[in-house]
Structure formats: C-alpha cells, structure tokens
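This is data_22.csv (CSV, C-alpha atoms and all ligand atoms).
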chain,number,residue,atom,x,y,z
A,1,MET,CA,27.1,173.5,57.2
A,2,SER,CA,27.8,170.8,54.6
A,3,ILE,CA,31.3,169.3,54.1
A,4,THR,CA,32.6,168.4,50.7
A,5,ILE,CA,35.8,166.3,50.3
A,6,LEU,CA,37.7,165.5,47.1
A,7,GLY,CA,39.5,162.1,47.4
A,8,ILE,CA,42.5,161.2,45.4
A,9,GLU,CA,43.9,157.6,45.0
A,10,SER,CA,47.1,156.7,43.0
A,11,SER,CA,48.9,154.1,45.2
A,12,CYS,CA,49.2,151.4,42.6
A,13,ASP,CA,47.8,151.1,39.1
A,14,ASP,CA,44.3,152.8,39.4
A,15,THR,CA,43.9,156.5,39.2
A,16,SER,CA,40.8,157.5,41.0
A,17,ALA,CA,39.0,160.6,42.2
A,18,ALA,CA,35.8,160.9,44.3
A,19,LEU,CA,33.6,163.6,45.7
A,20,LEU,CA,31.9,163.1,49.1
A,21,ARG,CA,29.4,165.4,50.7
A,22,ASP,CA,28.6,164.9,54.4
A,23,GLY,CA,29.7,161.3,54.2
A,24,MET,CA,27.7,160.5,51.1
A,25,VAL,CA,29.5,159.5,47.9
A,26,LEU,CA,28.5,161.9,45.0
A,27,SER,CA,30.9,160.4,42.5
A,28,ASN,CA,33.7,157.8,42.3
A,29,CYS,CA,35.7,157.7,39.0
A,30,ILE,CA,38.4,155.2,38.3
A,31,ALA,CA,40.9,155.0,35.3
A,32,ASN,CA,42.2,151.4,35.1
A,33,GLN,CA,45.6,150.7,33.5
A,34,GLU,CA,45.2,147.9,31.0
A,35,ALA,CA,48.9,148.1,29.9
A,36,HIS,CA,50.1,145.9,32.8
A,37,ARG,CA,48.4,142.8,31.4
A,38,LEU,CA,51.1,142.7,28.7
A,39,TYR,CA,53.8,142.4,31.4
A,40,GLY,CA,52.0,140.0,33.8
A,41,GLY,CA,52.1,142.4,36.7
A,42,VAL,CA,52.2,146.1,37.6
A,43,VAL,CA,55.3,147.9,36.1
A,44,PRO,CA,56.0,150.9,38.4
A,45,GLU,CA,57.4,153.1,35.7
A,46,VAL,CA,54.4,152.4,33.4
A,47,ALA,CA,52.0,153.0,36.3
A,48,SER,CA,53.4,156.4,37.2
A,49,ARG,CA,53.3,157.6,33.6
A,50,ALA,CA,49.7,156.5,33.3
A,51,HIS,CA,48.7,158.3,36.5
A,52,GLN,CA,50.3,161.5,35.2
A,53,LYS,CA,48.2,161.2,32.0
A,54,ASN,CA,44.9,160.3,33.8
A,55,ILE,CA,44.9,162.4,37.0
A,56,ILE,CA,43.4,165.6,35.7
A,57,PRO,CA,40.8,164.1,33.4
A,58,VAL,CA,39.7,161.7,36.3
A,59,VAL,CA,39.4,164.6,38.8
A,60,ASP,CA,37.5,166.8,36.2
A,61,LEU,CA,35.1,163.9,35.6
A,62,ALA,CA,34.5,163.2,39.3
A,63,ILE,CA,33.7,166.9,39.9
A,64,LYS,CA,31.4,167.0,36.8
A,65,ARG,CA,29.6,163.8,37.8
A,66,ALA,CA,29.1,165.0,41.4
A,67,GLY,CA,27.6,168.3,40.1
A,68,VAL,CA,29.7,170.4,42.5
A,69,ASN,CA,31.6,173.6,41.9
A,70,LYS,CA,35.2,173.2,42.7
A,71,ARG,CA,35.0,176.3,44.9
A,72,ASP,CA,32.7,174.3,47.2
A,73,ILE,CA,35.3,171.7,48.0
A,74,ASP,CA,36.4,172.0,51.7
A,75,ALA,CA,39.4,169.8,51.7
A,76,ILE,CA,41.5,167.3,49.7
A,77,ALA,CA,42.1,163.8,51.0
A,78,PHE,CA,44.9,161.9,49.3
A,79,THR,CA,46.6,158.5,49.6
A,80,ARG,CA,50.0,159.2,51.2
A,81,GLY,CA,50.9,155.5,51.3
A,82,PRO,CA,51.6,152.6,51.4
A,83,GLY,CA,52.1,152.0,47.7
A,84,LEU,CA,54.5,152.4,44.8
A,85,MET,CA,56.6,155.6,45.2
A,86,GLY,CA,56.3,156.7,41.6
A,87,SER,CA,52.6,156.2,41.6
A,88,LEU,CA,52.0,158.0,45.0
A,89,ILE,CA,54.1,161.0,43.9
A,90,VAL,CA,51.6,161.8,41.1
A,91,GLY,CA,48.6,161.8,43.4
A,92,VAL,CA,50.3,163.6,46.3
A,93,SER,CA,51.8,166.3,44.1
A,94,PHE,CA,48.5,166.8,42.4
A,95,ALA,CA,46.6,167.1,45.7
A,96,LYS,CA,49.1,169.6,47.1
A,97,ALA,CA,48.9,171.8,44.0
A,98,TYR,CA,45.1,171.7,43.8
A,99,ALA,CA,44.7,172.4,47.6
A,100,LEU,CA,47.2,175.3,47.2
A,101,SER,CA,45.3,176.8,44.3
A,102,LEU,CA,41.9,176.5,46.1
A,103,GLY,CA,43.3,177.6,49.4
A,104,ILE,CA,41.9,174.6,51.3
A,105,PRO,CA,43.4,172.0,53.7
A,106,LEU,CA,45.1,168.7,52.9
A,107,ILE,CA,44.3,165.4,54.6
A,108,GLU,CA,46.7,162.5,54.4
A,109,VAL,CA,45.2,159.0,54.2
A,110,ASN,CA,46.6,155.6,54.9
A,111,HIS,CA,45.5,153.3,52.0
A,112,MET,CA,45.0,150.3,54.2
A,113,GLN,CA,42.9,152.3,56.8
A,114,ALA,CA,40.8,153.5,53.8
A,115,HIS,CA,40.1,149.9,52.6
A,116,VAL,CA,38.6,149.3,56.0
A,117,LEU,CA,36.6,152.5,56.0
A,118,ALA,CA,35.2,151.6,52.5
A,119,HIS,CA,32.4,150.1,54.7
A,120,PHE,CA,31.3,153.6,55.6
A,121,ALA,CA,30.7,154.6,52.0
A,122,GLU,CA,27.3,153.0,52.1
A,123,ASP,CA,24.8,151.2,54.4
A,124,PRO,CA,24.7,149.0,56.4
A,125,LYS,CA,27.7,150.3,58.3
A,126,PRO,CA,29.3,147.9,60.8
A,127,PRO,CA,29.0,148.9,64.4
A,128,PHE,CA,32.2,149.2,66.6
A,129,PRO,CA,34.1,147.2,67.5
A,130,PHE,CA,34.3,145.0,64.4
A,131,LEU,CA,37.0,142.8,62.7
A,132,CYS,CA,38.0,143.5,59.2
A,133,LEU,CA,39.9,141.1,56.9
A,134,THR,CA,41.6,143.3,54.4
A,135,VAL,CA,42.8,141.3,51.4
A,136,SER,CA,44.3,143.0,48.4
A,137,GLY,CA,47.1,142.6,45.9
A,138,GLY,CA,49.6,144.0,48.4
A,139,HIS,CA,48.2,143.2,51.8
A,140,THR,CA,46.5,140.6,53.9
A,141,GLN,CA,45.5,141.8,57.4
A,142,ILE,CA,43.0,141.1,60.2
A,143,VAL,CA,42.3,144.5,61.7
A,144,LEU,CA,40.5,145.2,65.0
A,145,VAL,CA,38.5,148.4,64.3
A,146,ARG,CA,37.5,150.2,67.6
A,147,ASP,CA,36.5,153.5,65.9
A,148,HIS,CA,36.8,155.1,62.5
A,149,LEU,CA,40.4,156.1,63.2
A,150,ASP,CA,41.3,153.7,65.9
A,151,MET,CA,42.5,150.4,64.4
A,152,GLU,CA,44.9,147.7,65.4
A,153,ILE,CA,46.4,145.0,63.2
A,154,LEU,CA,45.9,141.6,64.9
A,155,GLY,CA,47.6,139.5,62.2
A,156,GLN,CA,49.1,139.9,58.7
A,157,THR,CA,50.9,138.1,56.0
A,158,LEU,CA,54.5,137.1,56.6
A,159,ASP,CA,55.2,136.9,52.8
A,160,ASP,CA,52.8,137.1,49.8
A,161,ALA,CA,49.4,138.8,50.0
A,162,ALA,CA,46.2,136.8,49.3
A,163,GLY,CA,45.8,138.7,46.0
A,164,GLU,CA,49.4,137.9,45.1
A,165,ALA,CA,48.7,134.2,45.8
A,166,PHE,CA,45.9,134.4,43.3
A,167,ASP,CA,47.9,136.3,40.7
A,168,LYS,CA,51.1,134.3,41.0
A,169,THR,CA,49.2,131.0,40.9
A,170,GLY,CA,47.3,132.2,37.8
A,171,LYS,CA,50.6,133.0,36.1
A,172,LEU,CA,51.7,129.3,36.7
A,173,ILE,CA,48.4,128.2,35.1
A,174,GLY,CA,49.0,130.5,32.2
A,175,LEU,CA,46.4,133.1,33.0
A,176,ASP,CA,46.6,136.9,32.4
A,177,TYR,CA,47.3,139.4,35.1
A,178,PRO,CA,45.5,140.1,37.4
A,179,ALA,CA,44.5,136.4,37.6
A,180,GLY,CA,42.3,136.7,40.8
A,181,PRO,CA,39.1,137.5,38.9
A,182,ILE,CA,39.8,134.9,36.2
A,183,ILE,CA,40.4,132.2,38.7
A,184,ASP,CA,37.2,133.2,40.4
A,185,GLN,CA,35.3,132.8,37.0
A,186,LEU,CA,36.9,129.5,36.1
A,187,ALA,CA,36.5,128.1,39.6
A,188,GLN,CA,32.7,128.4,39.2
A,189,HIS,CA,32.9,125.6,36.5
A,190,GLY,CA,35.2,123.3,38.5
A,191,GLN,CA,35.4,121.3,41.8
A,192,PRO,CA,38.2,121.5,44.4
A,193,VAL,CA,39.4,118.0,43.8
A,194,PHE,CA,43.1,118.8,44.2
A,195,ASP,CA,44.2,119.1,47.8
A,196,PHE,CA,46.9,121.8,48.4
A,197,PRO,CA,48.3,121.9,52.0
A,198,GLU,CA,47.2,124.5,54.5
A,199,PRO,CA,50.3,126.3,56.0
A,200,GLN,CA,50.8,125.9,59.7
A,201,ILE,CA,51.4,129.4,61.0
A,202,SER,CA,50.7,130.2,64.7
A,203,GLY,CA,48.6,133.1,65.9
A,204,LEU,CA,46.7,135.3,63.4
A,205,ASP,CA,49.5,135.7,60.8
A,206,PHE,CA,49.3,134.3,57.3
A,207,SER,CA,51.7,132.8,54.8
A,208,PHE,CA,51.0,132.1,51.2
A,209,SER,CA,54.5,131.4,49.7
A,210,GLY,CA,54.5,127.7,50.6
A,211,LEU,CA,51.1,127.3,48.9
A,212,LYS,CA,52.5,128.9,45.7
A,213,THR,CA,55.5,126.5,45.8
A,214,SER,CA,53.4,123.4,46.4
A,215,ILE,CA,51.1,124.4,43.4
A,216,LEU,CA,54.2,124.9,41.3
A,217,TYR,CA,55.6,121.5,42.1
A,218,PHE,CA,52.2,119.9,41.6
A,219,LEU,CA,51.8,121.4,38.2
A,220,GLN,CA,55.3,120.5,37.1
A,221,LYS,CA,54.8,116.9,38.1
A,222,LYS,CA,51.4,116.6,36.4
A,223,LYS,CA,52.6,118.3,33.2
A,224,ASN,CA,55.4,115.8,33.0
A,225,GLU,CA,53.1,112.8,33.6
A,226,THR,CA,50.3,114.0,31.4
A,227,PRO,CA,50.9,116.7,28.7
A,228,GLY,CA,47.9,118.9,28.4
A,229,PHE,CA,47.0,118.4,32.1
A,230,ILE,CA,46.6,122.1,32.9
A,231,GLU,CA,44.4,122.8,29.9
A,232,GLU,CA,42.2,119.8,30.6
A,233,ASN,CA,41.8,120.5,34.3
A,234,LYS,CA,41.9,124.3,34.4
A,235,ALA,CA,38.5,124.7,36.2
A,236,ASP,CA,39.3,122.1,38.8
A,237,ILE,CA,42.8,123.5,39.4
A,238,CYS,CA,41.3,127.0,39.9
A,239,ALA,CA,38.5,125.7,42.2
A,240,SER,CA,41.2,123.9,44.3
A,241,VAL,CA,43.5,127.0,44.5
A,242,GLN,CA,40.6,129.3,45.4
A,243,SER,CA,39.2,126.8,47.9
A,244,ARG,CA,42.5,126.6,49.8
A,245,ILE,CA,43.2,130.4,49.8
A,246,VAL,CA,39.6,131.0,51.0
A,247,SER,CA,39.9,128.3,53.8
A,248,ILE,CA,43.2,129.9,55.0
A,249,LEU,CA,41.5,133.3,55.2
A,250,ILE,CA,38.3,132.1,56.8
A,251,ASN,CA,40.1,129.9,59.4
A,252,LYS,CA,42.2,132.8,60.6
A,253,LEU,CA,39.2,135.1,60.7
A,254,SER,CA,37.3,132.5,62.8
A,255,GLN,CA,40.3,132.3,65.2
A,256,ALA,CA,40.3,136.1,65.5
A,257,ALA,CA,36.5,136.2,66.2
A,258,GLU,CA,37.0,133.5,68.8
A,259,THR,CA,39.9,135.2,70.6
A,260,THR,CA,38.4,138.7,70.6
A,261,GLY,CA,34.7,137.6,71.1
A,262,ILE,CA,33.7,140.0,68.3
A,263,ARG,CA,30.9,138.9,66.0
A,264,GLU,CA,30.7,141.9,63.7
A,265,ILE,CA,32.9,140.7,60.8
A,266,ALA,CA,33.8,142.6,57.6
A,267,ILE,CA,35.9,142.0,54.6
A,268,ALA,CA,37.6,144.6,52.4
A,269,GLY,CA,40.2,145.0,49.6
A,270,GLY,CA,40.3,143.6,46.0
A,271,VAL,CA,40.1,140.0,47.0
A,272,SER,CA,36.8,140.6,48.9
A,273,ALA,CA,35.3,140.6,45.4
A,274,ASN,CA,36.0,136.9,45.2
A,275,SER,CA,32.7,134.9,45.0
A,276,GLY,CA,34.2,131.9,46.9
A,277,LEU,CA,35.3,134.1,49.8
A,278,ARG,CA,31.9,135.9,49.9
A,279,ALA,CA,30.1,132.5,50.0
A,280,ALA,CA,32.4,131.1,52.7
A,281,LEU,CA,32.0,134.2,54.8
A,282,GLU,CA,28.2,133.9,54.6
A,283,LYS,CA,28.2,130.2,55.4
A,284,THR,CA,30.6,130.5,58.3
A,285,GLY,CA,28.8,133.6,59.5
A,286,LYS,CA,25.5,131.7,59.7
A,287,GLU,CA,27.2,128.8,61.6
A,288,LYS,CA,28.9,131.1,64.1
A,289,GLY,CA,26.2,133.8,64.5
A,290,TRP,CA,28.3,136.6,62.9
A,291,ASN,CA,26.9,139.7,61.3
A,292,THR,CA,28.9,140.0,58.1
A,293,TYR,CA,29.7,143.1,56.0
A,294,VAL,CA,30.9,143.0,52.3
A,295,PRO,CA,31.3,146.3,50.4
A,296,LYS,CA,29.9,146.9,47.0
A,297,PHE,CA,32.4,145.8,44.3
A,298,GLU,CA,33.4,149.3,43.3
A,299,TYR,CA,34.4,149.9,46.9
A,300,CYS,CA,36.4,146.6,47.2
A,301,THR,CA,39.1,147.4,44.7
A,302,ASP,CA,41.2,150.5,44.8
A,303,ASN,CA,39.0,153.6,44.7
A,304,ALA,CA,39.0,157.2,45.8
A,305,ALA,CA,35.6,157.1,47.6
A,306,MET,CA,37.3,155.2,50.5
A,307,ILE,CA,40.0,157.8,50.6
A,308,ALA,CA,37.4,160.6,50.7
A,309,VAL,CA,35.4,158.7,53.4
A,310,THR,CA,38.6,158.5,55.6
A,311,GLY,CA,39.3,162.1,54.8
A,312,TYR,CA,35.8,163.0,56.1
A,313,TYR,CA,36.4,161.5,59.5
A,314,LYS,CA,39.8,163.2,59.7
A,315,TYR,CA,38.3,166.5,58.6
A,316,LEU,CA,35.8,166.3,61.6
A,317,LYS,CA,38.9,166.1,63.8
A,318,LYS,CA,40.7,168.9,61.9
A,319,ASP,CA,43.5,166.4,61.2
A,320,PHE,CA,45.3,168.3,58.4
A,321,VAL,CA,48.8,168.2,57.0
A,322,SER,CA,51.1,170.9,55.7
A,323,GLN,CA,52.3,171.4,52.1
A,324,GLU,CA,55.6,169.8,53.1
A,325,VAL,CA,53.9,166.3,53.3
A,326,ALA,CA,55.6,163.7,51.1
A,327,PRO,CA,54.5,160.2,50.1
A,328,VAL,CA,55.6,157.1,52.1
A,329,ALA,CA,56.0,153.7,50.4
A,330,ARG,CA,55.6,151.8,53.7
A,331,TRP,CA,53.2,153.0,56.4
A,332,ARG,CA,51.6,150.8,59.1
A,333,VAL,CA,48.3,152.0,60.6
B,1,LIG,O1,42.7,146.2,46.5
B,1,LIG,P1,43.2,146.0,45.1
B,1,LIG,O2,42.3,146.5,44.0
B,1,LIG,O3,44.6,146.6,44.9
B,1,LIG,C1,45.6,146.6,45.9
B,1,LIG,O4,45.6,147.5,46.8
B,1,LIG,O5,46.4,145.6,45.8
B,1,LIG,O6,43.4,144.4,44.9
B,1,LIG,C2,43.8,143.9,43.7
B,1,LIG,C3,43.9,142.4,43.9
B,1,LIG,C4,44.6,141.6,42.8
B,1,LIG,O7,45.6,140.8,43.3
B,1,LIG,C5,43.4,140.9,42.1
B,1,LIG,O8,43.8,139.7,41.5
B,1,LIG,C6,42.5,140.6,43.3
B,1,LIG,O9,42.6,141.8,44.1
B,1,LIG,N1,41.2,140.4,42.9
B,1,LIG,C7,40.6,139.1,43.1
B,1,LIG,C8,39.3,139.3,42.6
B,1,LIG,N2,39.1,140.6,42.1
B,1,LIG,C9,40.3,141.2,42.3
B,1,LIG,N3,41.0,138.0,43.6
B,1,LIG,C10,40.2,136.9,43.6
B,1,LIG,N4,38.9,137.0,43.1
B,1,LIG,C11,38.4,138.1,42.6
B,1,LIG,N5,37.2,138.1,42.1
B,2,ZN,ZN,44.3,148.6,47.7
Rewrite the structure from the file as structure tokens, please.
Ligand code: KG4
Ligand code: ZN
Amino acid sequence: MSITILGIESSCDDTSAALLRDGMVLSNCIANQEAHRLYGGVVPEVASRAHQKNIIPVVDLAIKRAGVNKRDIDAIAFTRGPGLMGSLIVGVSFAKAYALSLGIPLIEVNHMQAHVLAHFAEDPKPPFPFLCLTVSGGHTQIVLVRDHLDMEILGQTLDDAAGEAFDKTGKLIGLDYPAGPIIDQLAQHGQPVFDFPEPQISGLDFSFSGLKTSILYFLQKKKNETPGFIEENKADICASVQSRIVSILINKLSQAAETTGIREIAIAGGVSANSGLRAALEKTGKEKGWNTYVPKFEYCTDNAAMIAVTGYYKYLKKDFVSQEVAPVARWRV
C-alpha cells in the first residue's frame, strides 16, 4: 500500500507545500517573500500576513503538480517549530483544519530535524551513523545522526547563526537582505586578503558575534582612512568574510569527525548552498577520506519536501499528534 504525505512549512519567511509518495518527492512548491528585502531582515508581522495569503494557493499548486487527488493523502506533516510564532501559527492552523476536513492524521515535525532529513529526499542517502552540519539563518549545529529519528546535537552556536553572520556582515558592507547569496557571488571575483580572527571556542560549539564586531571595526577604520574603501574592495572583503566563516565551520566539523571517528559527513540548511563551503567540504573530505553529502539547492533552503520526508518516517512509526497540538517557537531535537 502506498503512503502519500502532504508537508507544510511556514516557520520563517517561506511558505511551502510538498507531496511525497513512498519517500519520493512528487512536488515541492515554495512562495518566497520578497517584501523583507526592503527592511533588511525578516519582519515577523509581514511574514505571517504573507503566509496567510500564500498558504492555500501553494498547497493547491503542490497537489496539482504532484498529480494526486487530495482524497489520496494519508497524513499531513507540518513544522511545529522552532521558528517565528506568527509564521508557525499559519501553517499549524492550516494543517489542523485540512487534516480535520480530510479525516487523516497529523504529524508534528521539528524544522531542524527536517533540515537533516532533507538528505533523504534524493539519492545518494548518507548511511548511519553520519554527522550533519546544519547551517541556516537561525541555527548552526553539528548533529550526530544515528537513525532517521535518532539525533544528538554535539555542538551549536552560542550567539549568531552562520547565516546571520553572512547577513549581518552583508548589511555592514551595504548589501541587501539576505546577504549570504550576494556575498557568495561577489566572493567569486575576489581574494581573501583581509584576515579576520578565528574565535577560540572550546569543544564543538560555535561563536560568530566576535567576528561580526571585528569586521565592523575593520570597516569603520578603513572607511575613515580611505573614503570609498568598501566600494573599491567589495569582492575581496566578501571573499575574506566567506573564507573565515567557512574555515570556522570546517574546522569544527573536522574536530567532530575526529572525536567521533565518523567519516560520513553531510551539510544542510540555507548556508550549505554556499559555494565556498561546498568547495571546502569537498577539499577537506578528499584529504581526510570522508564521504560527503550536499543536498540539491531546493532542499538546502527552507522547503516542505524535507518536512514531508520527516513526516514519512514518523508515519511509519504511527507517531501522530492530536488536534490540540500548538506551535512552539523553541524546540530542541
Ligand atoms: O535554511 P534557510 O533557508 O532558513 C532558515 O531556516 O534560516 O537559511 C537562510 C540563510 C540566510 O541567512 C541566507 O543568507 C543563507 O541561508 N544563505 C547563504 C547562501 N544561500 C542562502 N549563505 C551563504 N551563501 C549562500 N549561497
Ligand atoms: Zn531552515
């Protein structure tokens, strides 16, 4: 008997719906919210209003593209958290109402667990146990993945996330939000000639706030000495920032691989789209004999396919929740 799952994601600023049949992605539709560019970051109130507007059209499109009848959906998997409360409420309320109307079960999904399981939306799938570096706008974690639903966080950021480090630095350079992809583009035309310090944090935890401050002071000093410094050196500044963020991530990942003895290494989350990180992972992987796994771009950033995939493994365990479920802004795996 085949199993069809509808996945719903609305934790931040992307409204997404996906259909999955027997673990295979049939459709994955995403409505991005461009409005936040104007404000230089995600505005929670604007995000929840846009989710409200987009959710039904996105779900309808995902069902149409998948070519399934909504009566054939067996369960609805939705992001319960972590995320912005106003954004989560839209997806959770929609999922509850839709499940009620179709008379099918509800499956709660942790957004961070789903980023890891994005690796199971396509082949090759990493074998267990593997390490996953999940790097997004809200989180930076090294996760030990023992099984689909058995994960342990080995290290995480003590302050900013890696994506925030990109976005906040980009703001200092005068780039639009989200600055991560723009820094990535500009860095390809520059050299990492400016040396920003690597934070000294013990164990497998991360810290990016000191890096942001040192870049702020560096730019202030250079601007005072040489007006027009940022404009003239934009590509080199971006290459230097990216190079340091990537080295911080890769060094901790190497340390985690060494202490656990695990050589199956995956990356996930929006920042895993970064070309510098991908190249560094490949290079380090070759040197250290790792097998590396990087999801397709559409499964790196926020998407409902990863929610449906997580929902599928929970469906197999009949791990359902009642209609009383409510969103949670903070939720550790
Ligand atoms: O996973 P995601 O889509 O949303 C969250 O759950 O946060 O990640 C978004 C983050 C943003 O900070 C964005 O700047 C960053 O991922 N990002 C990138 C790139 N593409 C997206 N950062 C660096 N290089 C990229 N190519
Ligand atoms: Zn995310």
Identify the residues around (48.6, 131.8, 59.9) within a radius of 12 Å, measuring from all atoms listed in the file in the coordinates stated by the file, and give them as an MDAnalysis selection string.
chainID A and resid 140:142 154:159 162 198:210 245 247:256
Would you please work out which residue, of A:Arg21, A:Lys286, A:Lys64, A:His139, is nearest to ligand ZN 2 (chain B) when using all atoms listed in the file?
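Distance minimum relative to ligand ZN 2 (chain B) lands on A:His139.
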Pick from A:Ala99, A:Met112, A:Ala326, A:Ala239 nearest to ligand ZN 2 (chain B), counting all atoms listed in the file
A:Met112
May I ask which of the residues A:Ile173, A:Leu133, A:Ala97, A:Ala279 is the closest one to Asn233 in chain A, counting all atoms listed in the file?
A:Ile173
With 3 Å on each side, where is the centre of the axis-aligned box around all listed atoms of range 142-157 of chain A, and how long are its edges in Å to one decimal, as JSON?
{"center_x": 43.7, "center_y": 147.1, "center_z": 61.8, "size_x": 20.4, "size_y": 24.0, "size_z": 17.6}
